[in-house]
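Source file: entry-v8.csv. Holds: CSV, C-alpha atoms.
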```
chain,number,residue,atom,x,y,z
A,219,MET,CA,-34.9,40.5,97.4
A,220,SER,CA,-33.3,37.4,98.8
A,221,ARG,CA,-29.8,36.9,97.8
A,222,GLU,CA,-27.1,34.5,98.5
A,223,LEU,CA,-24.2,35.9,100.5
A,224,ILE,CA,-21.0,35.6,98.6
A,225,VAL,CA,-20.2,33.1,95.8
A,226,LYS,CA,-17.1,31.0,96.3
A,227,GLY,CA,-14.3,32.4,94.2
A,228,SER,CA,-16.0,35.7,93.5
A,229,ILE,CA,-14.1,39.0,93.7
A,230,GLN,CA,-15.5,39.7,97.2
A,231,ASP,CA,-14.7,36.2,98.4
A,232,VAL,CA,-11.1,36.5,97.3
A,233,ALA,CA,-10.8,40.0,98.7
A,234,ALA,CA,-12.1,38.6,102.0
A,235,LYS,CA,-11.8,41.5,104.5
A,236,GLY,CA,-9.6,43.5,102.1
A,237,ASP,CA,-10.1,46.0,99.4
A,238,VAL,CA,-12.5,44.9,96.7
A,239,ALA,CA,-11.2,47.5,94.2
A,240,LEU,CA,-7.7,46.0,94.4
A,241,ALA,CA,-9.1,42.6,94.0
A,242,LEU,CA,-11.0,43.8,90.9
A,243,LEU,CA,-7.7,45.1,89.4
A,244,SER,CA,-6.3,41.6,89.7
A,245,ALA,CA,-9.2,39.9,87.8
A,246,LYS,CA,-8.7,38.7,84.2
A,247,VAL,CA,-12.1,39.1,82.7
A,248,ALA,CA,-15.3,41.1,83.3
A,249,LEU,CA,-18.5,39.4,82.2
A,250,LEU,CA,-21.3,41.8,81.2
A,251,CYS,CA,-24.3,39.7,82.0
A,252,ASP,CA,-27.7,40.5,80.4
A,253,ARG,CA,-30.4,40.3,83.1
A,254,SER,CA,-33.2,41.7,81.1
A,255,SER,CA,-36.7,40.2,81.2
A,256,SER,CA,-36.1,37.9,78.2
A,257,MET,CA,-33.5,35.9,80.2
A,258,ILE,CA,-36.5,34.4,82.1
A,259,GLU,CA,-37.5,32.5,79.0
A,260,GLU,CA,-37.2,28.7,79.4
A,261,ALA,CA,-34.1,27.4,77.8
A,262,ARG,CA,-33.7,23.8,78.7
A,263,GLY,CA,-35.8,21.4,80.8
A,264,HIS,CA,-37.4,23.5,83.4
A,265,GLN,CA,-34.5,25.9,83.6
A,266,ALA,CA,-34.6,29.5,82.3
A,267,ARG,CA,-31.7,31.0,80.4
A,268,TYR,CA,-30.6,33.0,83.4
A,269,GLU,CA,-30.5,29.9,85.7
A,270,LEU,CA,-28.3,28.1,83.2
A,271,GLU,CA,-26.1,31.2,83.0
A,272,ASP,CA,-25.9,31.5,86.8
A,273,ASP,CA,-24.8,27.9,87.2
A,274,ILE,CA,-22.1,28.3,84.6
A,275,ILE,CA,-20.8,31.6,86.0
A,276,LYS,CA,-20.7,30.2,89.6
A,277,ARG,CA,-18.7,27.2,88.4
A,278,LEU,CA,-16.3,29.5,86.6
A,279,GLN,CA,-15.8,31.7,89.7
A,280,ALA,CA,-15.1,28.6,91.8
A,281,LYS,CA,-12.7,27.2,89.3
A,282,TYR,CA,-10.8,30.5,88.7
A,283,PRO,CA,-11.1,32.4,92.0
A,284,GLY,CA,-10.7,36.1,91.8
A,285,GLN,CA,-10.4,36.1,88.0
A,286,VAL,CA,-14.0,36.8,87.0
A,287,ALA,CA,-15.6,40.2,87.6
A,288,LEU,CA,-19.3,40.4,87.0
A,289,VAL,CA,-21.4,43.3,85.8
A,290,ALA,CA,-25.1,42.8,85.6
A,291,PHE,CA,-27.3,45.0,83.4
A,292,SER,CA,-30.9,45.4,82.6
A,293,ASP,CA,-32.4,48.9,83.1
A,294,THR,CA,-29.1,50.0,84.5
A,295,ALA,CA,-25.7,48.3,85.1
A,296,TYR,CA,-23.8,47.6,88.2
A,297,LEU,CA,-20.9,45.5,89.6
A,298,CYS,CA,-21.7,42.3,91.4
A,299,PRO,CA,-18.4,41.7,93.4
A,300,ASP,CA,-20.2,39.1,95.5
A,301,GLY,CA,-20.6,37.0,92.4
A,302,VAL,CA,-24.4,36.9,92.7
A,303,LEU,CA,-26.4,38.1,89.7
A,304,PRO,CA,-29.8,39.6,90.2
A,305,GLN,CA,-33.1,38.2,89.0
A,306,PRO,CA,-33.9,39.2,85.4
A,307,ASN,CA,-36.1,42.3,85.0
A,308,GLY,CA,-36.4,45.2,82.7
A,309,ASN,CA,-34.6,46.4,79.5
A,310,THR,CA,-31.3,45.7,77.8
A,311,ASN,CA,-29.2,48.7,78.7
A,312,MET,CA,-25.9,47.7,77.0
A,313,LEU,CA,-24.9,51.3,76.9
A,314,ASP,CA,-24.7,51.5,80.7
A,315,ALA,CA,-23.0,48.2,80.9
A,316,LEU,CA,-20.3,49.4,78.5
A,317,ARG,CA,-19.9,52.7,80.4
A,318,LEU,CA,-19.4,50.8,83.6
A,319,ALA,CA,-17.0,48.3,81.9
A,320,GLY,CA,-14.8,51.2,80.6
A,321,PRO,CA,-12.6,51.5,83.7
A,322,LEU,CA,-12.3,47.7,83.9
A,323,ALA,CA,-11.2,47.5,80.3
A,324,ASP,CA,-8.8,50.3,80.9
A,325,ALA,CA,-7.3,48.4,83.9
A,326,GLY,CA,-6.6,45.5,81.5
A,327,LEU,CA,-9.6,43.2,82.0
A,328,ARG,CA,-11.0,41.4,79.0
A,329,ILE,CA,-14.6,42.4,78.5
A,330,ILE,CA,-17.1,39.8,77.5
A,331,LEU,CA,-20.7,40.6,76.8
A,332,ILE,CA,-23.2,37.8,77.3
A,333,THR,CA,-26.7,38.6,76.0
A,334,ASP,CA,-29.8,37.1,74.4
A,335,GLY,CA,-31.1,40.3,72.8
A,336,GLU,CA,-30.8,43.6,71.2
A,337,PRO,CA,-29.8,46.8,73.0
A,338,SER,CA,-32.5,49.2,74.2
A,339,HIS,CA,-30.5,52.1,72.7
A,340,ALA,CA,-29.5,52.8,69.1
A,341,GLU,CA,-27.1,50.2,67.9
A,342,SER,CA,-24.7,52.9,66.6
A,343,GLU,CA,-24.5,54.4,70.1
A,344,VAL,CA,-23.6,51.1,71.6
A,345,ILE,CA,-20.9,50.5,69.0
A,346,ASP,CA,-19.5,53.9,69.6
A,347,ALA,CA,-19.3,53.2,73.3
A,348,ALA,CA,-17.5,50.0,72.7
A,349,ARG,CA,-15.0,51.7,70.4
A,350,ALA,CA,-14.1,54.0,73.2
A,351,PHE,CA,-12.7,51.0,75.1
A,352,ARG,CA,-9.1,50.4,75.5
A,353,GLY,CA,-9.0,46.8,74.4
A,354,LYS,CA,-11.3,44.4,72.7
A,355,LEU,CA,-14.9,43.4,73.4
A,356,ASP,CA,-15.9,39.8,72.9
A,357,THR,CA,-19.6,38.9,72.6
A,358,ILE,CA,-21.4,35.7,73.3
A,359,TYR,CA,-25.0,35.5,72.1
A,360,VAL,CA,-27.1,33.1,74.1
A,361,GLY,CA,-30.5,33.6,72.5
A,362,PRO,CA,-32.3,31.7,69.7
A,363,GLU,CA,-30.6,31.3,66.4
A,364,LEU,CA,-31.2,33.6,63.4
A,365,SER,CA,-32.2,36.7,65.4
A,366,ARG,CA,-31.4,40.3,65.0
A,367,GLY,CA,-29.7,40.2,68.4
A,368,ALA,CA,-27.2,37.7,67.2
A,369,ASP,CA,-26.4,39.9,64.1
A,370,PHE,CA,-25.9,42.9,66.3
A,371,CYS,CA,-23.6,41.1,68.7
A,372,LYS,CA,-21.4,40.0,65.8
A,373,ALA,CA,-21.3,43.5,64.4
A,374,LEU,CA,-20.4,44.9,67.8
A,375,ALA,CA,-17.5,42.5,68.4
A,376,LEU,CA,-16.1,42.9,65.0
A,377,SER,CA,-16.3,46.7,65.2
A,378,VAL,CA,-13.8,46.6,68.1
A,379,GLY,CA,-11.6,43.7,67.0
A,380,GLY,CA,-13.2,41.2,69.4
A,381,THR,CA,-14.5,37.7,68.9
A,382,HIS,CA,-18.1,36.7,68.6
A,383,SER,CA,-19.6,33.3,69.4
A,384,GLU,CA,-23.1,31.9,69.7
A,385,ALA,CA,-24.1,29.5,72.5
A,386,ASP,CA,-27.9,29.1,72.4
A,387,LEU,CA,-28.6,28.1,76.0
A,388,LYS,CA,-31.6,26.1,74.8
A,389,HIS,CA,-29.4,23.7,72.9
A,390,GLY,CA,-26.1,23.6,74.7
A,391,PRO,CA,-25.2,25.4,77.9
A,392,ASP,CA,-21.9,23.6,77.7
A,393,LEU,CA,-20.9,25.7,74.8
A,394,LEU,CA,-21.2,28.9,76.8
A,395,GLU,CA,-19.0,27.4,79.5
A,396,ASN,CA,-16.5,26.3,77.0
A,397,ASN,CA,-16.4,29.7,75.2
A,398,LEU,CA,-16.0,31.5,78.5
A,399,THR,CA,-13.3,29.2,79.7
A,400,ARG,CA,-11.4,29.7,76.4
A,401,LEU,CA,-11.6,33.5,76.7
A,402,LEU,CA,-10.6,33.4,80.3
A,403,LEU,CA,-7.6,31.3,79.7
A,404,THR,CA,-6.5,33.5,76.8
A,405,ALA,CA,-7.0,36.7,78.7
A,406,GLY,CA,-3.3,36.7,79.4
A,407,ALA,CA,-1.2,36.3,82.5
A,408,ARG,CA,-1.5,39.4,84.6
B,21,MET,CA,-2.9,37.5,98.8
B,22,THR,CA,-4.2,40.3,101.0
B,23,PHE,CA,-5.9,43.4,99.4
B,24,ILE,CA,-5.2,46.4,101.6
B,25,ASN,CA,-6.7,49.7,100.5
B,26,PRO,CA,-3.6,51.7,99.7
B,27,TYR,CA,-5.0,54.9,101.0
B,28,GLU,CA,-5.7,53.3,104.3
B,29,ALA,CA,-2.3,51.6,104.4
B,30,LEU,CA,-0.8,55.1,104.2
B,31,ALA,CA,-3.5,56.7,106.3
B,32,LEU,CA,-4.1,59.2,103.5
B,33,PRO,CA,-7.4,60.6,102.1
B,34,PRO,CA,-8.2,59.6,98.5
B,35,ASP,CA,-7.4,63.1,97.2
B,36,ALA,CA,-3.9,63.1,98.7
B,37,THR,CA,-1.3,64.8,96.5
B,38,ALA,CA,1.8,63.1,95.1
B,39,GLU,CA,3.9,65.0,97.6
B,40,GLN,CA,1.8,63.9,100.6
B,41,ILE,CA,2.0,60.3,99.4
B,42,LYS,CA,5.7,60.5,99.1
B,43,ALA,CA,6.2,62.1,102.4
B,44,THR,CA,3.9,59.7,104.2
B,45,TYR,CA,5.6,56.7,102.6
B,46,ARG,CA,9.0,57.9,103.6
B,47,LEU,CA,7.9,58.4,107.2
B,48,LEU,CA,6.1,55.0,107.5
B,49,ALA,CA,8.8,53.1,105.6
B,50,LYS,CA,11.4,54.4,107.9
B,51,ARG,CA,9.3,53.5,110.9
B,52,TYR,CA,8.6,50.0,109.7
B,53,HIS,CA,11.8,49.2,107.9
B,54,PRO,CA,13.0,45.6,108.5
B,55,ASP,CA,16.6,46.8,108.9
B,56,SER,CA,15.7,49.0,111.8
B,57,ALA,CA,17.1,47.5,115.0
B,58,SER,CA,14.0,48.6,116.9
B,59,ASN,CA,11.8,46.5,114.6
B,60,ALA,CA,13.8,43.3,115.2
B,61,GLY,CA,11.6,40.4,116.4
B,62,HIS,CA,8.3,42.1,115.4
B,63,PRO,CA,6.9,40.2,112.4
B,64,ALA,CA,3.8,42.4,112.4
B,65,VAL,CA,5.9,45.4,111.8
B,66,LEU,CA,7.6,43.8,108.8
B,67,GLY,CA,4.1,43.1,107.3
B,68,MET,CA,3.3,46.7,107.7
B,69,PHE,CA,6.5,47.7,105.8
B,70,GLN,CA,5.3,45.5,103.0
B,71,GLN,CA,1.8,47.0,103.1
B,72,VAL,CA,3.0,50.6,102.9
B,73,THR,CA,5.5,49.7,100.2
B,74,GLU,CA,2.8,48.0,98.0
B,75,ALA,CA,0.5,51.0,98.7
B,76,TYR,CA,3.2,53.4,97.6
B,77,ASP,CA,4.0,51.4,94.5
B,78,LEU,CA,0.4,51.8,93.4
B,79,LEU,CA,-0.3,55.4,94.5
B,80,SER,CA,3.0,56.8,93.3
B,81,ASP,CA,2.4,55.6,89.7
B,82,PRO,CA,-0.2,58.0,88.2
B,83,ASP,CA,-1.5,55.5,85.7
B,84,LYS,CA,-1.9,52.7,88.3
B,85,ARG,CA,-3.5,55.2,90.7
B,86,ARG,CA,-5.9,56.5,88.0
B,87,LYS,CA,-7.1,52.9,87.2
B,88,TYR,CA,-7.5,52.0,90.8
B,89,ASP,CA,-9.4,55.2,91.6
B,90,ALA,CA,-11.7,54.6,88.6
B,91,ILE,CA,-12.6,51.2,89.9
B,92,ARG,CA,-13.1,52.5,93.4
B,93,LYS,CA,-15.5,55.0,92.0
B,94,LEU,CA,-17.5,52.3,90.3
B,95,LEU,CA,-17.8,50.5,93.6
B,96,ASP,CA,-18.8,53.6,95.4
B,97,ALA,CA,-21.5,54.5,92.9
B,98,LYS,CA,-24.8,53.5,94.3
B,99,THR,CA,-28.2,52.9,92.9
B,100,PRO,CA,-31.2,52.7,95.3
B,101,ASP,CA,-32.0,49.2,94.2
B,102,VAL,CA,-28.6,47.7,94.6
B,103,ASP,CA,-27.4,49.6,97.6
B,104,ASP,CA,-28.0,46.8,99.9
B,105,GLN,CA,-26.7,44.2,97.5
B,106,ILE,CA,-23.4,46.0,97.1
B,107,LEU,CA,-22.9,47.2,100.6
B,108,GLY,CA,-24.1,44.0,102.3
B,109,ASN,CA,-23.9,44.5,106.1
B,110,VAL,CA,-22.1,47.8,105.9
B,111,GLY,CA,-24.8,50.0,107.4
B,112,PRO,CA,-24.6,50.9,111.1
B,113,PHE,CA,-25.4,48.0,113.3
B,114,ARG,CA,-26.6,45.8,110.6
B,115,GLY,CA,-23.6,43.5,110.9
B,116,PRO,CA,-22.4,41.4,113.8
B,117,LEU,CA,-21.0,43.5,116.6
B,118,SER,CA,-18.4,41.1,117.8
B,119,GLY,CA,-15.5,39.3,116.3
B,120,SER,CA,-13.3,40.5,113.5
B,121,MET,CA,-14.0,44.0,112.3
B,122,GLY,CA,-12.3,43.9,109.0
B,123,SER,CA,-15.2,43.0,106.7
B,124,PHE,CA,-16.3,46.5,105.9
B,125,SER,CA,-13.8,47.7,103.5
B,126,PHE,CA,-15.7,48.9,100.4
B,127,GLY,CA,-18.7,50.8,99.3
B,128,SER,CA,-19.2,53.7,101.7
B,129,MET,CA,-16.4,52.5,103.8
B,130,HIS,CA,-13.8,54.2,101.6
B,131,GLY,CA,-12.6,57.6,102.7
B,132,PHE,CA,-10.6,57.2,105.8
B,133,ALA,CA,-8.9,60.5,106.2
B,134,ALA,CA,-5.8,61.1,108.1
B,135,SER,CA,-6.4,64.8,108.1
B,136,SER,CA,-9.5,64.5,110.2
B,137,MET,CA,-9.5,62.6,113.3
B,138,PHE,CA,-11.8,59.8,112.3
B,139,PHE,CA,-13.2,58.0,109.4
B,140,VAL,CA,-15.1,60.3,107.0
B,141,SER,CA,-17.5,58.8,104.4
B,142,ASN,CA,-18.5,60.7,101.3
B,143,GLN,CA,-21.0,63.0,103.0
B,144,THR,CA,-20.8,62.3,106.7
B,145,VAL,CA,-18.3,63.5,109.2
B,146,ALA,CA,-17.8,60.8,111.7
B,147,PRO,CA,-18.6,61.4,115.3
B,148,LYS,CA,-15.7,61.6,117.8
B,149,PRO,CA,-15.7,58.8,120.3
B,150,ILE,CA,-14.8,59.1,124.0
B,151,ILE,CA,-11.6,57.4,125.0
B,152,THR,CA,-12.6,55.5,128.1
B,153,ASN,CA,-9.4,53.7,128.8
B,154,LYS,CA,-5.8,53.7,127.6
B,155,THR,CA,-3.0,51.4,128.7
B,156,VAL,CA,0.5,51.5,127.4
B,157,THR,CA,2.7,48.4,127.5
B,158,SER,CA,6.4,48.6,126.5
B,159,SER,CA,7.7,45.6,124.7
B,160,GLY,CA,10.8,45.6,126.7
B,161,ASN,CA,13.4,47.1,124.4
B,162,GLY,CA,12.0,50.5,124.9
B,163,GLN,CA,11.3,51.1,121.2
B,164,ILE,CA,8.0,49.4,120.4
B,165,THR,CA,5.0,50.0,122.5
B,166,HIS,CA,1.6,48.4,122.5
B,167,VAL,CA,-1.3,50.6,123.5
B,168,SER,CA,-4.7,49.3,124.5
B,169,VAL,CA,-7.4,51.8,123.8
B,170,GLN,CA,-11.1,51.6,124.6
B,171,LEU,CA,-13.4,53.9,122.6
B,172,LEU,CA,-17.0,54.5,123.3
B,173,PHE,CA,-19.6,55.6,120.7
B,174,SER,CA,-22.7,56.5,122.5
B,175,ALA,CA,-26.0,55.1,121.3
B,176,GLN,CA,-27.3,58.6,120.8
B,177,MET,CA,-24.3,59.5,118.7
B,178,MET,CA,-24.8,56.5,116.5
B,179,ARG,CA,-28.5,57.2,116.0
B,180,THR,CA,-27.8,60.6,114.7
B,181,ALA,CA,-24.8,59.8,112.5
B,182,ASN,CA,-24.7,57.8,109.4
B,183,PHE,CA,-21.5,56.2,110.4
B,184,ASN,CA,-20.1,52.7,111.0
B,185,PRO,CA,-17.1,52.9,113.3
B,186,MET,CA,-16.1,49.3,112.7
B,187,GLY,CA,-14.9,50.0,109.2
B,188,ALA,CA,-12.5,52.7,110.5
B,189,TYR,CA,-10.9,50.5,113.1
B,190,ALA,CA,-10.0,47.3,111.4
B,191,PRO,CA,-6.7,45.5,112.0
B,192,GLY,CA,-4.0,46.8,109.7
B,193,MET,CA,-5.5,50.3,109.6
B,194,ALA,CA,-3.8,53.3,111.0
B,195,TYR,CA,-5.0,54.6,114.3
B,196,VAL,CA,-5.3,58.3,114.2
B,197,GLU,CA,-5.5,60.8,117.0
B,198,ASN,CA,-5.8,64.5,116.6
B,199,GLY,CA,-5.2,64.2,112.9
B,200,LEU,CA,-2.0,62.2,113.2
B,201,PRO,CA,-1.5,58.5,112.5
B,202,VAL,CA,0.2,57.3,115.6
B,203,GLY,CA,0.2,53.5,115.1
B,204,ILE,CA,-1.3,50.5,113.4
B,205,ILE,CA,-4.3,48.7,114.8
B,206,THR,CA,-3.3,45.1,115.4
B,207,ARG,CA,-6.4,43.8,117.1
B,208,ALA,CA,-10.0,45.1,117.4
B,209,SER,CA,-13.2,43.8,119.0
B,210,SER,CA,-16.5,45.4,119.7
B,211,SER,CA,-19.4,45.0,122.1
B,212,LEU,CA,-22.5,46.8,123.2
B,213,ASN,CA,-22.8,48.0,126.8
B,214,LEU,CA,-26.1,48.0,128.8
B,215,ASN,CA,-26.9,51.5,127.6
B,216,GLY,CA,-26.6,50.4,124.0
B,217,ASP,CA,-23.3,52.3,123.5
B,218,LEU,CA,-20.8,50.7,121.1
B,219,VAL,CA,-17.5,49.9,122.8
B,220,LEU,CA,-14.4,49.3,120.7
B,221,ASP,CA,-11.4,47.7,122.3
B,222,LEU,CA,-8.3,48.2,120.2
B,223,GLU,CA,-4.7,47.2,120.4
B,224,VAL,CA,-2.4,49.6,118.6
B,225,LEU,CA,1.3,49.2,117.8
B,226,VAL,CA,3.2,52.4,118.1
B,227,GLN,CA,6.8,53.5,118.6
B,228,VAL,CA,7.7,54.9,122.0
B,229,SER,CA,8.8,58.2,120.4
B,230,VAL,CA,5.2,58.9,119.5
B,231,THR,CA,3.1,60.5,122.2
B,232,LEU,CA,-0.5,59.5,122.4
B,233,ARG,CA,-2.7,62.3,123.5
B,234,SER,CA,-6.0,61.9,125.2
B,235,GLN,CA,-9.1,63.3,123.7
B,236,PRO,CA,-10.0,66.8,124.9
```
Just give me the structure of the file as structure tokens.
Amino acid sequence: MSRELIVKGSIQDVAAKGDVALALLSAKVALLCDRSSSMIEEARGHQARYELEDDIIKRLQAKYPGQVALVAFSDTAYLCPDGVLPQPNGNTNMLDALRLAGPLADAGLRIILITDGEPSHAESEVIDAARAFRGKLDTIYVGPELSRGADFCKALALSVGGTHSEADLKHGPDLLENNLTRLLLTAGAR
Amino acid sequence: MTFINPYEALALPPDATAEQIKATYRLLAKRYHPDSASNAGHPAVLGMFQQVTEAYDLLSDPDKRRKYDAIRKLLDAKTPDVDDQILGNVGPFRGPLSGSMGSFSFGSMHGFAASSMFFVSNQTVAPKPIITNKTVTSSGNGQITHVSVQLLFSAQMMRTANFNPMGAYAPGMAYVENGLPVGIITRASSSLNLNGDLVLDLEVLVQVSVTLRSQP
């Protein structure tokens, strides 16, 4: 798989030759980015949902260096300290994403889930995992309107005292960027 | 802001006890304290004092240490598909062999252990290099000493060990001989000789009271 090296402003970029774990502790938000197959669907012009998402997240990292930690999830979840998200493929394993986000939430990072779909696991399991967090979980739904996924995202955020917003990438990628910026800026001085 | 691995700053293994952390900090803080007359005029030493103090602040607080360790664990966790993505050029000889050597500080590079002589990854005991040259230069006041050390990792040694020595000898890290941290690496460079052996040239800042011992 060909990948870019390191995105400007990403955790690894800021850590430079130092300790990435320490740099992660200094971040403000962790974005749990859905990279399941459905993110390949065309959203606007000739761009797919994931491409629009990538552009926005790269801009955010450059604008707020070292403040944005990334977790990608599809069949499994993993950290992307270099700021590069993988190509979409596979299922929507939100459970694994939340498991991985737990220590980040515990360290004080605001956790924001960005998805266009429903979880591969039972919804109750995912909500239970989110409730185990120390802190809130915000959700941003980026799929089509009036879907079961949007309803679930809303229920998930509300169950843990977080906020929910919808930013259908097909109609307005700017909305996603605005929502993320707002959450980032209100994540609190650390 | 520099992000120095707190365990490496104190030359301690990740499972160090609170007592070990405290004792090591006291030793290093005394050695690098800015008020010490022997450290006057050595800005690099003052930076080290700050490093060990910051490391102690984190590791001596159980809550901070727990959070830090949990994130390190996330970074250390590997899946076959993302191994290369996360580790980048960490693997042996996949990265450039010259220039700065400090870019290998996460993933399997965690685990520098002062209790063993050389860097130890999760599963692999690092091979011992051969010290091919060692030159000691006093700074003039009789207190601070620079030591140039040349280490050789044979090509055969590197083929049979899953180990990247460059991550264990980066500037700012402790230089350990026979299980004892004896100084801080201030400069490091690497090259390959004609036999394919990896040669590391290090400059280490030590105090004159510390005796460097040659490898058996």
Between A:Arg267, A:Arg317, A:Arg253, A:Lys226, which has the minimum distance to chain B (counting only C-alpha atoms)?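 So, comparing all the options, the nearest one is A:Arg317.
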Give the residues of chain A that lie within 10 Å of chain B; count all atoms listed in the file, and format the answer as a PyMOL selection string. chain A and resi 219-224+230+232-244+294-300+302-304+318-326
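When CA of Arg277 in chain A is paired with CA of Asn311 in chain A, their separation reads 25.8 Å.
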Figure out the distance between CA of Gln40 in chain B and CA of Lys148 in chain B, please, to one decimal in Å.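 So the answer is 24.6 Å.
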Distance query Ile275 in chain A at most 10 Å, all atoms listed in the file, self and fewer than 3 positions along chain excluded, as an MDAnalysis selection string: chainID A and resid 225 228 249 251 269:272 278:281 286 288 301:303 394:395 398
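For Ser292 in chain A, the non-local neighbours within 9 Å, defined as residues at least 2 positions apart in the same chain or in other chains and counting only C-alpha atoms, are Cys251, Asp252, Arg253, Ser254, Ser255, Ala290, Thr294, Ala295, Pro306, Asn307, Gly308, Asn309, Thr310, Asn311, Met312, Asp314 and Ala315 of chain A.
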May I ask which of the residues B:Thr165, B:Ser174, B:Thr44, B:Leu214 is the closest one to His62 in chain B, counting only C-alpha atoms? B:Thr165
Which value, in Å to one decimal, gives the distance between CA of Ala64 in chain B and CA of Val196 in chain B?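 Going from CA of Ala64 in chain B over to CA of Val196 in chain B covers 18.4 Å.
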Selection: 6 Å around Leu250 in chain A, all atoms listed in the file, excl. self and same-chain fewer than 6 positions, as number ranges by chain: A: 289-290, 330-332
C-alpha atoms of the current selection, written as an mmCIF file, keeping the file's coordinate frame:
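Result file out-v8.cif:
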```cif
data_model
loop_
_atom_site.group_PDB
_atom_site.id
_atom_site.type_symbol
_atom_site.label_atom_id
_atom_site.label_comp_id
_atom_site.auth_asym_id
_atom_site.auth_seq_id
_atom_site.Cartn_x
_atom_site.Cartn_y
_atom_site.Cartn_z
ATOM 1 C CA VAL A 289 -21.400 43.300 85.800
ATOM 2 C CA ALA A 290 -25.100 42.800 85.600
ATOM 3 C CA ILE A 330 -17.100 39.800 77.500
ATOM 4 C CA LEU A 331 -20.700 40.600 76.800
ATOM 5 C CA ILE A 332 -23.200 37.800 77.300
#
```
Export range 236-253 of chain A of the preceding structure, keeping N, CA and C atoms, as a compact mmCIF listing (two decimals), in the first residue's frame.
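Dumped to result-v6.txt:
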```txt
# COMPACT_ATOMS: atom_id res chain seq x y z
N GLY A 236 11.10 12.65 18.62
CA GLY A 236 10.84 12.34 20.02
C GLY A 236 9.80 11.25 20.21
N ASP A 237 9.20 11.28 21.38
CA ASP A 237 8.31 10.22 21.83
C ASP A 237 6.87 10.51 21.39
N VAL A 238 6.35 9.65 20.53
CA VAL A 238 5.00 9.84 20.00
C VAL A 238 3.94 9.72 21.10
N ALA A 239 4.18 8.84 22.06
CA ALA A 239 3.21 8.67 23.15
C ALA A 239 3.06 9.96 23.95
N LEU A 240 4.16 10.64 24.19
CA LEU A 240 4.09 11.92 24.92
C LEU A 240 3.37 12.96 24.08
N ALA A 241 3.63 12.95 22.78
CA ALA A 241 2.96 13.91 21.90
C ALA A 241 1.45 13.65 21.88
N LEU A 242 1.08 12.38 21.92
CA LEU A 242 -0.36 12.05 21.95
C LEU A 242 -1.01 12.58 23.23
N LEU A 243 -0.28 12.51 24.32
CA LEU A 243 -0.82 13.01 25.59
C LEU A 243 -1.11 14.51 25.53
N SER A 244 -0.41 15.20 24.64
CA SER A 244 -0.59 16.65 24.53
C SER A 244 -1.68 17.04 23.54
N ALA A 245 -2.25 16.07 22.83
CA ALA A 245 -3.29 16.38 21.84
C ALA A 245 -4.59 16.77 22.54
N LYS A 246 -5.48 17.42 21.80
CA LYS A 246 -6.76 17.84 22.37
C LYS A 246 -7.90 16.90 22.00
N VAL A 247 -7.88 16.45 20.76
CA VAL A 247 -8.99 15.60 20.32
C VAL A 247 -8.46 14.34 19.63
N ALA A 248 -9.26 13.30 19.69
CA ALA A 248 -8.98 12.09 18.91
C ALA A 248 -10.18 11.87 17.99
N LEU A 249 -9.90 11.81 16.72
CA LEU A 249 -10.96 11.56 15.75
C LEU A 249 -10.99 10.09 15.41
N LEU A 250 -12.12 9.46 15.64
CA LEU A 250 -12.28 8.06 15.26
C LEU A 250 -12.89 8.06 13.86
N CYS A 251 -12.08 7.75 12.88
CA CYS A 251 -12.50 7.92 11.48
C CYS A 251 -12.92 6.60 10.86
N ASP A 252 -14.14 6.56 10.44
CA ASP A 252 -14.70 5.38 9.77
C ASP A 252 -14.02 5.21 8.41
N ARG A 253 -13.35 4.08 8.21
CA ARG A 253 -12.73 3.79 6.91
C ARG A 253 -13.30 2.49 6.36
```
